[in-house]
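Colleague: My structure is stored as work38.csv, with CSV, C-alpha atoms.
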chain,number,residue,atom,x,y,z
P,1,MET,CA,44.1,-30.3,46.0
P,2,GLN,CA,45.6,-27.5,43.9
P,3,ILE,CA,48.7,-27.7,41.7
P,4,THR,CA,50.5,-24.9,39.8
P,5,ARG,CA,52.8,-25.1,36.8
P,6,ARG,CA,54.9,-22.1,35.6
P,7,LEU,CA,56.0,-21.4,32.0
P,8,GLU,CA,57.8,-18.4,30.5
P,9,PHE,CA,57.7,-16.7,27.2
P,10,ASP,CA,58.8,-13.4,25.5
P,11,ALA,CA,56.4,-11.1,23.7
P,12,GLY,CA,56.0,-7.5,22.7
P,13,HIS,CA,53.1,-5.1,23.2
P,14,ARG,CA,52.0,-1.6,23.8
P,15,ILE,CA,49.2,0.1,25.7
P,16,PRO,CA,48.0,2.7,23.1
P,17,ASP,CA,46.2,5.0,25.5
P,18,HIS,CA,48.8,4.9,28.3
P,19,LYS,CA,50.0,8.3,29.6
P,20,SER,CA,53.6,7.1,30.2
P,21,GLN,CA,56.3,4.7,28.8
P,22,CYS,CA,53.9,1.8,28.1
P,23,ARG,CA,52.4,3.5,25.1
P,24,HIS,CA,55.7,2.8,23.3
P,25,LEU,CA,56.5,-0.5,21.6
P,26,HIS,CA,58.3,-2.7,24.2
P,27,GLY,CA,58.5,-6.3,25.3
P,28,HIS,CA,58.5,-8.5,28.5
P,29,ARG,CA,59.7,-11.8,29.7
P,30,TYR,CA,56.3,-13.0,30.8
P,31,ALA,CA,55.7,-15.8,33.3
P,32,LEU,CA,52.5,-17.7,33.2
P,33,GLU,CA,51.3,-19.7,36.2
P,34,ILE,CA,48.4,-22.1,35.8
P,35,THR,CA,46.7,-23.4,39.0
P,36,LEU,CA,44.4,-26.4,38.7
P,37,SER,CA,42.2,-28.0,41.4
P,38,GLY,CA,41.0,-31.6,41.5
P,39,GLU,CA,41.0,-34.8,43.4
P,40,VAL,CA,44.2,-36.8,43.7
P,41,ILE,CA,44.0,-39.8,41.4
P,42,GLU,CA,44.2,-43.1,43.2
P,43,LEU,CA,44.4,-45.8,40.6
P,44,ASP,CA,47.2,-48.4,41.2
P,45,GLY,CA,49.0,-49.0,38.0
P,46,ASP,CA,47.9,-45.7,36.4
P,47,ALA,CA,50.7,-43.3,35.3
P,48,ALA,CA,48.8,-40.5,37.0
P,49,ASN,CA,48.4,-42.3,40.3
P,50,GLY,CA,49.0,-39.9,43.2
P,51,MET,CA,48.6,-36.8,41.0
P,52,VAL,CA,45.9,-34.2,40.2
P,53,MET,CA,47.4,-34.0,36.7
P,54,ASP,CA,50.9,-34.8,35.4
P,55,PHE,CA,52.9,-31.5,35.4
P,56,ALA,CA,54.2,-32.5,32.0
P,57,GLU,CA,50.7,-32.6,30.6
P,58,VAL,CA,49.8,-29.2,32.3
P,59,LYS,CA,52.8,-27.8,30.5
P,60,SER,CA,52.1,-29.4,27.1
P,61,LEU,CA,48.6,-28.1,27.0
P,62,ALA,CA,49.6,-24.6,28.1
P,63,LYS,CA,52.3,-24.5,25.5
P,64,GLU,CA,50.0,-25.7,22.7
P,65,HIS,CA,47.2,-23.2,23.5
P,66,ILE,CA,49.0,-20.1,24.8
P,67,VAL,CA,52.8,-20.2,25.0
P,68,ASP,CA,53.6,-21.4,21.4
P,69,ARG,CA,51.1,-18.8,20.0
P,70,TRP,CA,52.2,-15.8,22.1
P,71,ASP,CA,56.0,-16.5,22.4
P,72,HIS,CA,58.1,-14.1,20.4
P,73,ALA,CA,54.9,-12.5,19.0
P,74,PHE,CA,53.7,-9.0,19.2
P,75,LEU,CA,50.4,-8.9,21.1
P,76,ALA,CA,48.3,-6.1,19.7
P,77,TYR,CA,44.9,-4.7,20.3
P,78,GLU,CA,42.9,-5.2,17.1
P,79,GLN,CA,41.6,-1.6,17.3
P,80,ASP,CA,45.1,-0.1,17.5
P,81,GLU,CA,45.0,0.8,13.8
P,82,PRO,CA,48.5,2.5,13.5
P,83,LEU,CA,50.2,-0.5,15.1
P,84,VAL,CA,48.2,-3.2,13.3
P,85,SER,CA,48.9,-1.4,10.0
P,86,PHE,CA,52.6,-1.2,10.8
P,87,LEU,CA,52.8,-4.9,11.8
P,88,GLN,CA,50.8,-6.1,8.7
P,89,GLY,CA,53.5,-4.3,6.6
P,90,MET,CA,56.1,-6.9,7.8
P,91,PRO,CA,55.5,-10.1,5.9
P,92,GLY,CA,55.7,-13.2,8.1
P,93,HIS,CA,55.7,-11.2,11.3
P,94,LYS,CA,54.3,-13.1,14.3
P,95,THR,CA,51.4,-10.9,15.4
P,96,VAL,CA,48.5,-11.9,17.7
P,97,LEU,CA,45.5,-9.6,17.4
P,98,LEU,CA,43.5,-9.4,20.6
P,99,PRO,CA,39.9,-8.1,21.2
P,100,CYS,CA,41.3,-6.1,24.1
P,101,VAL,CA,44.3,-3.9,25.1
P,102,PRO,CA,47.2,-6.2,26.0
P,103,THR,CA,47.6,-5.3,29.6
P,104,ALA,CA,48.6,-7.9,32.1
P,105,GLU,CA,45.0,-8.0,33.4
P,106,ASN,CA,43.5,-8.6,29.9
P,107,LEU,CA,46.2,-11.1,28.9
P,108,ALA,CA,45.5,-13.1,32.1
P,109,ARG,CA,41.8,-13.0,31.4
P,110,GLN,CA,42.3,-14.1,27.8
P,111,ALA,CA,44.5,-17.0,28.8
P,112,PHE,CA,42.0,-18.1,31.4
P,113,LYS,CA,39.2,-18.1,28.8
P,114,ILE,CA,41.3,-20.2,26.4
P,115,LEU,CA,42.6,-22.7,29.0
P,116,ASP,CA,39.4,-23.1,31.0
P,117,GLU,CA,37.9,-25.7,28.5
P,118,VAL,CA,41.3,-27.2,27.8
P,119,TYR,CA,41.9,-28.5,31.3
P,120,ARG,CA,38.2,-29.1,32.4
P,121,ASP,CA,37.9,-32.6,33.9
P,122,THR,CA,40.8,-34.0,31.7
P,123,TYR,CA,41.3,-37.0,34.0
P,124,GLY,CA,37.8,-37.5,35.3
P,125,ASN,CA,38.8,-36.2,38.7
P,126,HIS,CA,36.8,-33.0,38.7
P,127,LEU,CA,39.9,-31.1,37.4
P,128,ARG,CA,39.2,-27.3,37.0
P,129,LEU,CA,41.3,-24.3,36.2
P,130,GLN,CA,41.3,-22.1,39.2
P,131,ARG,CA,43.7,-19.3,38.4
P,132,VAL,CA,45.9,-17.9,35.7
P,133,ARG,CA,48.6,-15.6,37.0
P,134,LEU,CA,50.5,-13.6,34.5
P,135,TYR,CA,53.7,-11.9,35.5
P,136,GLU,CA,54.5,-8.9,33.3
P,137,THR,CA,57.6,-8.2,35.3
P,138,PRO,CA,59.0,-10.0,38.4
P,139,ASN,CA,57.2,-7.4,40.5
P,140,CYS,CA,53.9,-6.9,38.6
P,141,TRP,CA,51.3,-9.5,37.8
P,142,ALA,CA,47.6,-10.1,37.3
P,143,ASP,CA,45.4,-13.0,38.5
P,144,ALA,CA,42.4,-14.2,36.5
P,145,VAL,CA,40.5,-16.4,39.0
P,146,ARG,CA,37.4,-18.6,38.8
P,147,PRO,CA,34.4,-16.9,40.4
P,148,GLU,CA,33.3,-18.5,43.6
What is this structure when it is put down as structure tokens?
Modeller:
Amino acid sequence: MQITRRLEFDAGHRIPDHKSQCRHLHGHRYALEITLSGEVIELDGDAANGMVMDFAEVKSLAKEHIVDRWDHAFLAYEQDEPLVSFLQGMPGHKTVLLPCVPTAENLARQAFKILDEVYRDTYGNHLRLQRVRLYETPNCWADAVRPE
């Protein structure tokens, strides 16, 4: 069985080597979809009976590990020296430094790496993260998926 939970957040970024508009500072209303697989829990009297995982718990963990950290932050490539220097000049600015250029593909891959261990077998029902889909716009997204 697979389940998916969607969360949204706002963040800024830039793609420093881009040849067009995306090299400029800008932001997006991102949507993050987390798809988990696992066995449906069948334990009478258990709050998770009939579920793979409680959607509220899926949300809570994603908020703690991704959304609360990235929401209203500027997601910056740690090697983008002019941008990092600029952001560090603003005391208290919420900046997330990443080891990669903050494209939709790389952000989806980073989120997958972070969340993979968070969800692994949480309920003892072989729970696994299968996919992280990150929408950069309503028409553009990237999928980070578990290798077969």
Colleague: Calculated over only C-alpha atoms, which of the candidates P:Ile114, P:Ala142, P:Pro102, P:Leu127 has the smallest distance to P:Glu64?
Modeller: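 Between P:Ile114, P:Ala142, P:Pro102, P:Leu127, the residue approaching P:Glu64 most closely is P:Ile114.
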Colleague: What is the distance, in Å and to one decimal place, between atom CA of P:Glu39 and atom CA of P:His126?
Modeller: 6.6 Å
Colleague: Pick out the closest residue to P:Glu105 from this set: P:Ile15, P:Asp44, P:Phe86, P:Arg69. Count all atoms listed in the file.
Modeller: P:Ile15
Colleague: Interatomic distance between atom CA of P:Gln2 and atom CA of P:Arg29?
Modeller: 25.4 Å
Colleague: For P:Cys140, please output as a short mmCIF file (atom, residue, chain, number, x, y, z; two decimals) with C-alpha atoms, in the coordinates of the input all residues within 12 Å (counting all atoms listed in the file; exclusion window: fewer than 2 positions along the same chain).
Modeller:
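Output saved as selection_24.cif:
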data_model
loop_
_atom_site.label_atom_id
_atom_site.label_comp_id
_atom_site.auth_asym_id
_atom_site.auth_seq_id
_atom_site.Cartn_x
_atom_site.Cartn_y
_atom_site.Cartn_z
CA HIS P 28 58.50 -8.50 28.50
CA ARG P 29 59.70 -11.80 29.70
CA TYR P 30 56.30 -13.00 30.80
CA ALA P 31 55.70 -15.80 33.30
CA THR P 103 47.60 -5.30 29.60
CA ALA P 104 48.60 -7.90 32.10
CA GLU P 105 45.00 -8.00 33.40
CA ARG P 133 48.60 -15.60 37.00
CA LEU P 134 50.50 -13.60 34.50
CA TYR P 135 53.70 -11.90 35.50
CA GLU P 136 54.50 -8.90 33.30
CA THR P 137 57.60 -8.20 35.30
CA PRO P 138 59.00 -10.00 38.40
CA ALA P 142 47.60 -10.10 37.30
CA ASP P 143 45.40 -13.00 38.50
#
Colleague: Write out as a ChimeraX atom specification which residues come within 12 Å of P:Arg6 when counting all atoms listed in the file, dropping same-chain ones fewer than 6 positions away.
Modeller: /P:30-36,55-56,58-60,62-63,67,131-135
Colleague: Mind dumping stretch 86-116 of chain P from that block, keeping N, CA, C and O atoms, as a PDB file, in the first residue's frame?
Modeller:
ATOM      1  N   PHE P  86      26.358  38.069   1.016  1.00  0.00           N
ATOM      2  CA  PHE P  86      25.243  39.019   1.130  1.00  0.00           C
ATOM      3  C   PHE P  86      24.290  38.602   2.247  1.00  0.00           C
ATOM      4  O   PHE P  86      23.915  39.418   3.095  1.00  0.00           O
ATOM      5  N   LEU P  87      23.890  37.333   2.256  1.00  0.00           N
ATOM      6  CA  LEU P  87      22.929  36.849   3.254  1.00  0.00           C
ATOM      7  C   LEU P  87      23.515  36.883   4.667  1.00  0.00           C
ATOM      8  O   LEU P  87      22.807  37.167   5.628  1.00  0.00           O
ATOM      9  N   GLN P  88      24.802  36.596   4.787  1.00  0.00           N
ATOM     10  CA  GLN P  88      25.439  36.642   6.105  1.00  0.00           C
ATOM     11  C   GLN P  88      25.524  38.061   6.643  1.00  0.00           C
ATOM     12  O   GLN P  88      25.664  38.255   7.846  1.00  0.00           O
ATOM     13  N   GLY P  89      25.394  39.053   5.768  1.00  0.00           N
ATOM     14  CA  GLY P  89      25.413  40.445   6.190  1.00  0.00           C
ATOM     15  C   GLY P  89      24.090  40.913   6.780  1.00  0.00           C
ATOM     16  O   GLY P  89      23.985  42.055   7.221  1.00  0.00           O
ATOM     17  N   MET P  90      23.096  40.043   6.792  1.00  0.00           N
ATOM     18  CA  MET P  90      21.793  40.375   7.370  1.00  0.00           C
ATOM     19  C   MET P  90      21.611  39.575   8.653  1.00  0.00           C
ATOM     20  O   MET P  90      21.247  38.398   8.607  1.00  0.00           O
ATOM     21  N   PRO P  91      21.874  40.187   9.802  1.00  0.00           N
ATOM     22  CA  PRO P  91      21.759  39.461  11.075  1.00  0.00           C
ATOM     23  C   PRO P  91      20.373  38.841  11.256  1.00  0.00           C
ATOM     24  O   PRO P  91      19.352  39.483  10.997  1.00  0.00           O
ATOM     25  N   GLY P  92      20.371  37.594  11.662  1.00  0.00           N
ATOM     26  CA  GLY P  92      19.116  36.898  11.947  1.00  0.00           C
ATOM     27  C   GLY P  92      18.377  36.408  10.723  1.00  0.00           C
ATOM     28  O   GLY P  92      17.279  35.863  10.851  1.00  0.00           O
ATOM     29  N   HIS P  93      18.937  36.588   9.526  1.00  0.00           N
ATOM     30  CA  HIS P  93      18.261  36.128   8.318  1.00  0.00           C
ATOM     31  C   HIS P  93      18.206  34.602   8.293  1.00  0.00           C
ATOM     32  O   HIS P  93      19.174  33.928   8.642  1.00  0.00           O
ATOM     33  N   LYS P  94      17.063  34.056   7.905  1.00  0.00           N
ATOM     34  CA  LYS P  94      16.896  32.604   7.836  1.00  0.00           C
ATOM     35  C   LYS P  94      17.462  32.111   6.504  1.00  0.00           C
ATOM     36  O   LYS P  94      16.850  32.264   5.453  1.00  0.00           O
ATOM     37  N   THR P  95      18.650  31.547   6.585  1.00  0.00           N
ATOM     38  CA  THR P  95      19.353  31.042   5.410  1.00  0.00           C
ATOM     39  C   THR P  95      19.677  29.575   5.635  1.00  0.00           C
ATOM     40  O   THR P  95      20.122  29.187   6.716  1.00  0.00           O
ATOM     41  N   VAL P  96      19.445  28.769   4.615  1.00  0.00           N
ATOM     42  CA  VAL P  96      19.811  27.360   4.648  1.00  0.00           C
ATOM     43  C   VAL P  96      20.887  27.158   3.591  1.00  0.00           C
ATOM     44  O   VAL P  96      20.636  27.349   2.396  1.00  0.00           O
ATOM     45  N   LEU P  97      22.088  26.801   4.025  1.00  0.00           N
ATOM     46  CA  LEU P  97      23.177  26.534   3.096  1.00  0.00           C
ATOM     47  C   LEU P  97      23.136  25.070   2.696  1.00  0.00           C
ATOM     48  O   LEU P  97      23.049  24.181   3.554  1.00  0.00           O
ATOM     49  N   LEU P  98      23.212  24.844   1.395  1.00  0.00           N
ATOM     50  CA  LEU P  98      23.107  23.491   0.848  1.00  0.00           C
ATOM     51  C   LEU P  98      24.398  23.103   0.133  1.00  0.00           C
ATOM     52  O   LEU P  98      25.077  23.970  -0.435  1.00  0.00           O
ATOM     53  N   PRO P  99      24.718  21.809   0.099  1.00  0.00           N
ATOM     54  CA  PRO P  99      25.921  21.354  -0.588  1.00  0.00           C
ATOM     55  C   PRO P  99      25.739  21.267  -2.106  1.00  0.00           C
ATOM     56  O   PRO P  99      26.607  20.755  -2.808  1.00  0.00           O
ATOM     57  N   CYS P 100      24.601  21.764  -2.612  1.00  0.00           N
ATOM     58  CA  CYS P 100      24.285  21.666  -4.029  1.00  0.00           C
ATOM     59  C   CYS P 100      23.479  22.894  -4.452  1.00  0.00           C
ATOM     60  O   CYS P 100      22.905  23.590  -3.618  1.00  0.00           O
ATOM     61  N   VAL P 101      23.446  23.149  -5.743  1.00  0.00           N
ATOM     62  CA  VAL P 101      22.642  24.242  -6.290  1.00  0.00           C
ATOM     63  C   VAL P 101      21.176  23.929  -6.002  1.00  0.00           C
ATOM     64  O   VAL P 101      20.725  22.797  -6.219  1.00  0.00           O
ATOM     65  N   PRO P 102      20.388  24.886  -5.490  1.00  0.00           N
ATOM     66  CA  PRO P 102      19.019  24.604  -5.058  1.00  0.00           C
ATOM     67  C   PRO P 102      17.990  24.533  -6.205  1.00  0.00           C
ATOM     68  O   PRO P 102      16.995  25.256  -6.233  1.00  0.00           O
ATOM     69  N   THR P 103      18.229  23.635  -7.145  1.00  0.00           N
ATOM     70  CA  THR P 103      17.245  23.339  -8.184  1.00  0.00           C
ATOM     71  C   THR P 103      16.155  22.460  -7.587  1.00  0.00           C
ATOM     72  O   THR P 103      16.340  21.876  -6.503  1.00  0.00           O
ATOM     73  N   ALA P 104      15.043  22.330  -8.270  1.00  0.00           N
ATOM     74  CA  ALA P 104      13.976  21.437  -7.798  1.00  0.00           C
ATOM     75  C   ALA P 104      14.505  20.017  -7.644  1.00  0.00           C
ATOM     76  O   ALA P 104      14.189  19.328  -6.668  1.00  0.00           O
ATOM     77  N   GLU P 105      15.325  19.586  -8.590  1.00  0.00           N
ATOM     78  CA  GLU P 105      15.871  18.233  -8.543  1.00  0.00           C
ATOM     79  C   GLU P 105      16.738  18.015  -7.308  1.00  0.00           C
ATOM     80  O   GLU P 105      16.589  17.019  -6.590  1.00  0.00           O
ATOM     81  N   ASN P 106      17.638  18.962  -7.058  1.00  0.00           N
ATOM     82  CA  ASN P 106      18.524  18.815  -5.903  1.00  0.00           C
ATOM     83  C   ASN P 106      17.781  18.956  -4.584  1.00  0.00           C
ATOM     84  O   ASN P 106      18.106  18.261  -3.612  1.00  0.00           O
ATOM     85  N   LEU P 107      16.794  19.837  -4.523  1.00  0.00           N
ATOM     86  CA  LEU P 107      16.018  19.973  -3.289  1.00  0.00           C
ATOM     87  C   LEU P 107      15.218  18.706  -3.009  1.00  0.00           C
ATOM     88  O   LEU P 107      15.143  18.255  -1.858  1.00  0.00           O
ATOM     89  N   ALA P 108      14.636  18.116  -4.037  1.00  0.00           N
ATOM     90  CA  ALA P 108      13.908  16.851  -3.862  1.00  0.00           C
ATOM     91  C   ALA P 108      14.866  15.763  -3.366  1.00  0.00           C
ATOM     92  O   ALA P 108      14.537  15.001  -2.456  1.00  0.00           O
ATOM     93  N   ARG P 109      16.053  15.719  -3.956  1.00  0.00           N
ATOM     94  CA  ARG P 109      17.048  14.716  -3.545  1.00  0.00           C
ATOM     95  C   ARG P 109      17.496  14.939  -2.106  1.00  0.00           C
ATOM     96  O   ARG P 109      17.631  13.986  -1.335  1.00  0.00           O
ATOM     97  N   GLN P 110      17.717  16.200  -1.701  1.00  0.00           N
ATOM     98  CA  GLN P 110      18.105  16.495  -0.324  1.00  0.00           C
ATOM     99  C   GLN P 110      16.996  16.112   0.647  1.00  0.00           C
ATOM    100  O   GLN P 110      17.254  15.530   1.704  1.00  0.00           O
ATOM    101  N   ALA P 111      15.752  16.447   0.294  1.00  0.00           N
ATOM    102  CA  ALA P 111      14.621  16.099   1.162  1.00  0.00           C
ATOM    103  C   ALA P 111      14.506  14.584   1.309  1.00  0.00           C
ATOM    104  O   ALA P 111      14.246  14.083   2.406  1.00  0.00           O
ATOM    105  N   PHE P 112      14.708  13.850   0.227  1.00  0.00           N
ATOM    106  CA  PHE P 112      14.639  12.387   0.302  1.00  0.00           C
ATOM    107  C   PHE P 112      15.706  11.869   1.263  1.00  0.00           C
ATOM    108  O   PHE P 112      15.423  11.017   2.117  1.00  0.00           O
ATOM    109  N   LYS P 113      16.925  12.366   1.133  1.00  0.00           N
ATOM    110  CA  LYS P 113      18.014  11.915   2.017  1.00  0.00           C
ATOM    111  C   LYS P 113      17.684  12.171   3.480  1.00  0.00           C
ATOM    112  O   LYS P 113      17.945  11.333   4.343  1.00  0.00           O
ATOM    113  N   ILE P 114      17.118  13.335   3.765  1.00  0.00           N
ATOM    114  CA  ILE P 114      16.787  13.686   5.144  1.00  0.00           C
ATOM    115  C   ILE P 114      15.659  12.805   5.673  1.00  0.00           C
ATOM    116  O   ILE P 114      15.716  12.292   6.800  1.00  0.00           O
ATOM    117  N   LEU P 115      14.605  12.626   4.873  1.00  0.00           N
ATOM    118  CA  LEU P 115      13.401  11.942   5.349  1.00  0.00           C
ATOM    119  C   LEU P 115      13.494  10.422   5.305  1.00  0.00           C
ATOM    120  O   LEU P 115      12.733   9.743   5.999  1.00  0.00           O
ATOM    121  N   ASP P 116      14.402   9.878   4.538  1.00  0.00           N
ATOM    122  CA  ASP P 116      14.483   8.421   4.394  1.00  0.00           C
ATOM    123  C   ASP P 116      14.614   7.723   5.747  1.00  0.00           C
ATOM    124  O   ASP P 116      13.883   6.782   6.049  1.00  0.00           O
TER     125      ASP P 116
END
